[in-house]
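Data first, discussion second: the structure below is written as structure tokens.
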Amino acid sequence: MIRLGVNIDHVATLRQARRGLEPDPVSSAVLALLGGADCITIHLREDRRHIQDRDVHILRQVVPHHLNLEMSVAEEIVAIACAVKPDQATLVPERRQELTTEGGLDVVAHQKAVGDAMKKLHQAGVEVSLFVDPDSRQIEMSKLLGAKAVEIQTARYAEAKSVIERERELAQLHDSADFARQHRLHIHLGHGLNYENVAAVCQIPGVEELNIGHSIVARAVLVGMERAVREMKEAMLRCYVSRSS
Ligand code: PXP
């Protein structure tokens, strides 16, 4: 059974719109767990646009297992992660102007910075996953740097404009997952996944974890977090029938 990591950043986005106290992402994490979430994922960004330091500390206490902290390799954030000790840190690229994480981390170009951050996290006992594009060079370098897992980014698949393009991107995800499996890396997927496109990626052999945020939080606004998570778990089980077959 593939694990579902529910990314609750956008619950905090709504709170930060008024710089107030509600809705509290901590409450939403509890409801997501009740709905069947296997992991809770949060991104402590350097600009603190949604998740705040206080959230990270409280969530560490409330989520006993499988707290996944997305983070950049910035020294300040690495120090927080080493102190809080999430169950997993997922290293992602970060640019201030972007709306959300755009593209995978270029671990080939930034080997030293990524390697240094990983060393500190490993010394603190935190397992590391690297968020990378579906690209064999990035996956190979992730293995060389000592990552336990790669989160292969699914944005190009999710944003495909035609059936042909979507099938091509799905094939690329299959190939990348196969390559990661050969390198004995755990395989996670994330970015842009929703209730319609999730079933197909659940058919990719070896996938162990999905991290999904926006679509679940968007549905939760209307139907509540527990139900939104339950419905995503149901969507993950739906049999995928390729439209091209
Ligand atoms: N995985 C990673 C590494 C991310 O940065 C994000 C966005 O925060 C997600 C998954 C979730 O993406 P989405 O909100 O599009 O489901």
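In the structure tokens, the first chain shown is A, the next is B, and so on; residue numbers restart at 1 for each chain, and ligands run from 1 in the order shown.
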inquiry  = Excluding Glu75 of chain A and its own-chain neighbours fewer than 6 positions away, which residues fall within 12 Å of it when counting only C-alpha atoms? Please give them as a PyMOL selection string.
reply    = chain A and resi 46+81-82+113-114+116-118+120-121
ask   = If you count only C-alpha atoms and all ligand atoms, which residues end up within 8 Å of ligand 1, as a PyMOL selection string?
value = chain A and resi 7+9-10+42-43+70+90-92+100-102+104+131+151+153+155+189-194+210-216
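Using only C-alpha atoms, the protein and nucleic acid residues lying no more than 8 Å from Pro205 of chain A, apart from those fewer than 6 places from it along its own chain, are His174, Ala177 and Asp178 of chain A.
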Any chance you could export the current selection's N, CA, C and O atoms as a JSON list (two decimals), in the first residue's frame?
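Produced file again.json, reproduced below:
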[["chain", "number", "residue", "atom", "x", "y", "z"],
["A", 174, "HIS", "N", 7.74, 6.36, -15.18],
["A", 174, "HIS", "CA", 7.99, 4.91, -15.07],
["A", 174, "HIS", "C", 9.49, 4.62, -15.20],
["A", 174, "HIS", "O", 10.06, 3.88, -14.40],
["A", 177, "ALA", "N", 11.46, 5.89, -12.16],
["A", 177, "ALA", "CA", 11.23, 5.07, -10.98],
["A", 177, "ALA", "C", 11.99, 3.75, -11.11],
["A", 177, "ALA", "O", 12.59, 3.26, -10.14],
["A", 178, "ASP", "N", 12.02, 3.21, -12.32],
["A", 178, "ASP", "CA", 12.74, 1.97, -12.58],
["A", 178, "ASP", "C", 14.24, 2.19, -12.31],
["A", 178, "ASP", "O", 14.90, 1.37, -11.66]]
message = What's around Pro25 of chain A at 12 Å? Count only C-alpha atoms, leave out sequence neighbours fewer than 3 positions away in its own chain, and write the answer as a count of residues only.
response = 34
task = Could you check which of A:Arg3, A:Arg19, A:Arg49, A:Lys148 is closest to His186 of chain A, using only C-alpha atoms?
result =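 So, comparing all the options, the nearest one is A:Lys148.
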key: Top pick for closest residue to Leu237 of chain A, considering A:Leu145, A:Ala218, A:Cys202, A:Val73 and counting only C-alpha atoms   =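 Comparing A:Leu145, A:Ala218, A:Cys202, A:Val73 against Leu237 of chain A, the winner is A:Cys202.
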query = What does the distance from atom CA of Ser142 of chain A to atom CA of Leu185 of chain A come to in Å, to one decimal?
reply = 8.8 Å
ask   = Smallest atom-to-atom distance to Lys233 of chain A: which of A:Leu33, A:Ala83, A:Ala109, A:Ala17, using only C-alpha atoms?
value = A:Leu33
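Using only C-alpha atoms, the shortest contact distance between Ala147 of chain A and any of A:Arg230, A:Lys119, A:Lys112, A:Arg18 is found at A:Lys119.
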task = Just give me the gap between atom CA of Ala89 of chain A and atom CA of Gly36 of chain A in Å, one decimal is fine.
result = 21.3 Å
Would you give me, as a compact mmCIF listing (two decimals) with C-alpha atoms, in the first residue's frame, the residues in segment 98-210 of chain A that DSSP reads as strand (DSSP E)?
# COMPACT_ATOMS: atom_id res chain seq x y z
CA GLU A 127 16.68 10.47 7.00
CA VAL A 128 16.93 12.43 3.77
CA SER A 129 14.90 12.33 0.58
CA LEU A 130 15.86 14.52 -2.39
CA PHE A 131 13.19 16.14 -4.56
CA VAL A 132 14.47 15.75 -8.12
CA ALA A 149 14.95 8.18 -1.08
CA VAL A 150 14.17 10.38 -4.05
CA GLU A 151 10.91 12.24 -4.47
CA ILE A 152 10.49 12.36 -8.23
CA GLN A 153 8.64 15.47 -9.26
CA HIS A 186 13.06 4.47 -2.02
CA ILE A 187 10.69 6.12 -4.47
CA HIS A 188 8.35 8.96 -3.56
CA LEU A 189 6.36 11.16 -5.95
CA GLY A 190 4.84 14.58 -5.61
CA VAL A 207 6.38 3.78 -5.60
CA GLU A 208 6.13 3.93 -1.81
CA GLU A 209 4.94 7.42 -0.95
CA LEU A 210 3.00 10.31 -2.49
task = Compare A:Glu167, A:Asp106, A:Asp38, A:Asp87 by their minimum atom-to-atom distance to Arg60 of chain A, counting only C-alpha atoms, and give me the closest one.
result =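 The closest residue to Arg60 of chain A is A:Asp87.
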